[in-house]
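Read the structure below first, then the notes.
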Amino acid sequence: MTAPGRISVSARDLTRRFGDFVAVNRVTFDVRKGEVFGFLGPNGAGKSTTIRMLCGLLAPTEGEATVAGFDLRTQAESVKKRIGYMSQRFSLYEDLTVEENIDFFGGIYRIPPGRKRERKEWAIRMAGLSDHVRTRVAHLSGGWKQRLALGCAILHEPPILFLDEPTSGTDPISRRSFWDLIYSLSGGGTTVFLTTHHMDEAEYCDRLGLVYRGELVAMGSPRELKDGFPVERAEGTAPTLEDVFVSLVEGMDRAA
């Protein structure tokens, strides 16, 4: 577990409406520096909307939030300079080569020429694409695209990284390798905020926020969540995160 430390991301009653539909409903949480924080929930629960607000891409309807100490409402551009963002579709240009994608993002982030060369070489090594720098991204496997997208998202070495369902559609080996990279970044002090609907991946997070119908229904470490909620299981078997989540959801549905 990550030790308590400086807060990197903070939200208070964060809300987003689209007409009469409430996509995110009064969500409140804090994420510490160097923590791997997971937003876990089914498709349509409000995970991606929350992450887009925290990245300064979507204005909140109500509530407030700070990222890297900057207010989302008044300092969104300052927020964008200090984060990396990897969307569900990897944010890559498939008609460009590996090298051209890295060069493009290096320019977007305004990395100085000398530093840009060093970071480019790092990204290529990290992605395992040294023999494919001139290969068009459209011809890469899902695992390679995933690692390349991560490299592009952190070329400028941001202190906070947002990952929106980053392992969607990748094979188990690629997912495991990707999580090794996440742990390495977290160990170096990078705060990682990610969304997922994979229950097994949730076990890898330091802490989790369980989201359902736009609401944050529970929060804690995987162990705290499993120990803190009574779930009916066969004698001698421990509850899983899926058990906890299903129990919470069924309870909310019954109350509704």
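Chain lettering (A, B, ...) mirrors the order of the structure tokens, residue numbering begins at 1 for each chain separately, and ligand numbering begins at 1 in order of display.
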
For segment 140-157 of chain A, work out the shell of residues within 7 Å, counting only C-alpha atoms and skipping chain neighbours fewer than 5 positions away, then give it as a list of chain:residue names. A:Gly84, A:Tyr85, A:Met86, A:Phe90, A:Ser91, A:Leu92, A:Ile102, A:Phe105, A:Gly106, A:Tyr109, A:Ile111, A:Arg119, A:Ala123, A:Ala127, A:Thr170, A:Ser174, A:Phe178

Fewer than 4 positions away in the same chain doesn't count, so skip those; otherwise give me all residues within 10 Å of Phe39 of chain A, counting only C-alpha atoms, as a compact mmCIF listing (two decimals) with N, CA and C atoms, in the first residue's frame.
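Result went into around.txt, see below:
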```txt
# COMPACT_ATOMS: atom_id res chain seq x y z
N ALA A 45 -21.22 3.55 -16.15
CA ALA A 45 -21.33 3.91 -14.74
C ALA A 45 -20.89 5.35 -14.46
N GLY A 46 -20.20 5.97 -15.42
CA GLY A 46 -19.70 7.33 -15.21
C GLY A 46 -18.20 7.44 -15.07
N LYS A 47 -17.49 6.34 -15.30
CA LYS A 47 -16.04 6.33 -15.11
C LYS A 47 -15.35 7.25 -16.11
N SER A 48 -15.64 7.08 -17.39
CA SER A 48 -14.98 7.88 -18.43
C SER A 48 -15.34 9.35 -18.32
N THR A 50 -16.01 10.96 -15.58
CA THR A 50 -15.21 11.49 -14.46
C THR A 50 -13.78 11.77 -14.89
N ILE A 51 -13.17 10.83 -15.60
CA ILE A 51 -11.78 11.00 -15.99
C ILE A 51 -11.63 12.14 -16.99
N ASP A 164 -7.80 5.51 -19.19
CA ASP A 164 -9.22 5.18 -19.31
C ASP A 164 -9.36 3.80 -19.96
N GLU A 165 -9.64 2.79 -19.12
CA GLU A 165 -9.74 1.39 -19.56
C GLU A 165 -8.58 1.03 -20.49
N PHE A 193 -4.20 7.18 -12.10
CA PHE A 193 -5.65 7.11 -11.90
C PHE A 193 -6.21 6.38 -13.12
N LEU A 194 -6.83 5.24 -12.91
CA LEU A 194 -7.29 4.45 -14.05
C LEU A 194 -8.72 3.98 -13.85
N THR A 195 -9.40 3.76 -14.97
CA THR A 195 -10.73 3.17 -14.95
C THR A 195 -10.65 1.76 -15.52
N THR A 196 -11.49 0.88 -14.99
CA THR A 196 -11.52 -0.48 -15.49
C THR A 196 -12.85 -1.13 -15.12
N HIS A 197 -13.26 -2.13 -15.88
CA HIS A 197 -14.39 -2.96 -15.46
C HIS A 197 -13.93 -4.40 -15.26
N ALA A 202 -8.65 -4.87 -10.70
CA ALA A 202 -8.91 -4.04 -9.53
C ALA A 202 -8.05 -4.47 -8.34
N CYS A 205 -4.73 -2.52 -7.69
CA CYS A 205 -4.73 -1.11 -7.29
C CYS A 205 -4.46 -0.95 -5.80
N ARG A 207 -5.88 1.53 -4.03
CA ARG A 207 -7.23 1.79 -3.55
C ARG A 207 -8.19 1.81 -4.72
N LEU A 208 -9.47 1.63 -4.40
CA LEU A 208 -10.51 1.58 -5.42
C LEU A 208 -11.68 2.46 -5.04
N GLY A 209 -12.32 3.02 -6.07
CA GLY A 209 -13.62 3.63 -5.92
C GLY A 209 -14.59 2.81 -6.74
N LEU A 210 -15.63 2.27 -6.13
CA LEU A 210 -16.63 1.48 -6.84
C LEU A 210 -17.75 2.41 -7.30
N VAL A 211 -18.00 2.43 -8.61
CA VAL A 211 -18.95 3.38 -9.19
C VAL A 211 -20.13 2.64 -9.81
N LEU A 216 -20.44 7.17 -6.44
CA LEU A 216 -19.35 6.45 -5.79
C LEU A 216 -19.96 5.71 -4.60
N MET A 219 -15.42 2.90 -1.24
CA MET A 219 -14.02 3.23 -1.54
C MET A 219 -13.12 2.61 -0.48
```

If we count only C-alpha atoms, what is near Asp95 of chain A at a cut-off of 8 Å, once residues fewer than 6 positions away on the same chain are taken out, given as a PDB file with all heavy atoms, in the first residue's frame?
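As written to disk, result-v2.pdb reads:
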```pdb
ATOM      1  N   ARG A 136       3.908   1.128 -39.617  1.00  0.00           N
ATOM      2  CA  ARG A 136       2.683   1.883 -39.361  1.00  0.00           C
ATOM      3  C   ARG A 136       1.939   1.263 -38.180  1.00  0.00           C
ATOM      4  O   ARG A 136       1.855   0.043 -38.045  1.00  0.00           O
ATOM      5  CB  ARG A 136       1.802   1.889 -40.599  1.00  0.00           C
ATOM      6  CG  ARG A 136       2.368   2.727 -41.744  1.00  0.00           C
ATOM      7  CD  ARG A 136       1.498   2.644 -42.976  1.00  0.00           C
ATOM      8  NE  ARG A 136       0.147   3.143 -42.737  1.00  0.00           N
ATOM      9  CZ  ARG A 136      -0.809   3.144 -43.663  1.00  0.00           C
ATOM     10  NH1 ARG A 136      -0.566   2.672 -44.886  1.00  0.00           N
ATOM     11  NH2 ARG A 136      -2.003   3.617 -43.388  1.00  0.00           N
ATOM     12  N   VAL A 137       1.403   2.122 -37.328  1.00  0.00           N
ATOM     13  CA  VAL A 137       0.740   1.670 -36.105  1.00  0.00           C
ATOM     14  C   VAL A 137      -0.423   0.723 -36.420  1.00  0.00           C
ATOM     15  O   VAL A 137      -0.704  -0.194 -35.651  1.00  0.00           O
ATOM     16  CB  VAL A 137       0.260   2.888 -35.287  1.00  0.00           C
ATOM     17  CG1 VAL A 137      -0.707   2.471 -34.189  1.00  0.00           C
ATOM     18  CG2 VAL A 137       1.457   3.612 -34.681  1.00  0.00           C
ATOM     19  N   ALA A 138      -1.083   0.909 -37.543  1.00  0.00           N
ATOM     20  CA  ALA A 138      -2.195   0.046 -37.914  1.00  0.00           C
ATOM     21  C   ALA A 138      -1.784  -1.421 -38.013  1.00  0.00           C
ATOM     22  O   ALA A 138      -2.621  -2.319 -37.876  1.00  0.00           O
ATOM     23  CB  ALA A 138      -2.790   0.499 -39.246  1.00  0.00           C
TER      24      ALA A 138
END
```

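The list of residues with at least one atom within 10 Å of Val67 of chain A, based on only C-alpha atoms and without residues fewer than 5 positions apart in the same chain, reads A:Ile7, A:Ser8, A:Val9, A:Ser10, A:Ala11, A:Val31, A:Leu54, A:Cys55, A:Gly56, A:Leu72, A:Gln75, A:Ala76, A:Ser78, A:Val79, A:Lys80, A:Arg82, A:Ile83, A:Ile160.
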
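Atom to atom, atom CA of Asn25 of chain A and atom CA of Gly214 of chain A stand 5.2 Å apart.
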
Atom CA of Pro239 of chain A to atom CA of Val36 of chain A, distance in Å rounded to a single decimal: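 Taking atom CA of Pro239 of chain A as the start and atom CA of Val36 of chain A as the end point, the length is 22.3 Å.
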
Residues flagged strand (DSSP E) by DSSP in segment 20-229 of chain A, as a ChimeraX atom specification: /A:21-32,36-40,62-67,70-71,83-86,160-164,191-196,207-212,215-220

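Distance annotation: of A:Pro158, A:Arg254, A:Asn101, A:Lys120, the residue with the minimal separation from Arg134 of chain A is A:Asn101; atom set is only C-alpha atoms.
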
I need the residue nearest Pro159 of chain A from this list: A:Glu35, A:Asp20, A:Asp30, A:Glu224. Use only C-alpha atoms for the distance.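 Nearest to Pro159 of chain A: A:Glu35.
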
Looking only at helix (DSSP H, G or I) from DSSP on the backbone, list the matching residues of segment 7-255 of chain A as an MDAnalysis selection string. chainID A and resid 47:54 76:81 98:108 113:127 137:139 142:153 172:187 199:202 222:228 241:255

Please measure the separation of atom CA of Glu94 of chain A and atom CA of Leu58 of chain A, giving the value in Å to one decimal.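 Atom CA of Leu58 of chain A lies at a distance of 25.3 Å from atom CA of Glu94 of chain A.
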
Quick one: everything within 10 Å of Ser130 of chain A, counting only C-alpha atoms, minus sequence neighbours fewer than 6 positions away in the same chain. Send it as a CSV table (one decimal) with C-alpha atoms, in the first residue's frame.
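Output file result-v2.csv follows:
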```
chain,number,residue,atom,x,y,z
A,98,VAL,CA,5.8,4.3,-34.5
A,99,GLU,CA,8.5,7.0,-34.9
A,121,GLU,CA,14.6,6.4,-27.4
A,123,ALA,CA,9.6,5.1,-25.4
A,124,ILE,CA,10.8,2.9,-28.2
```
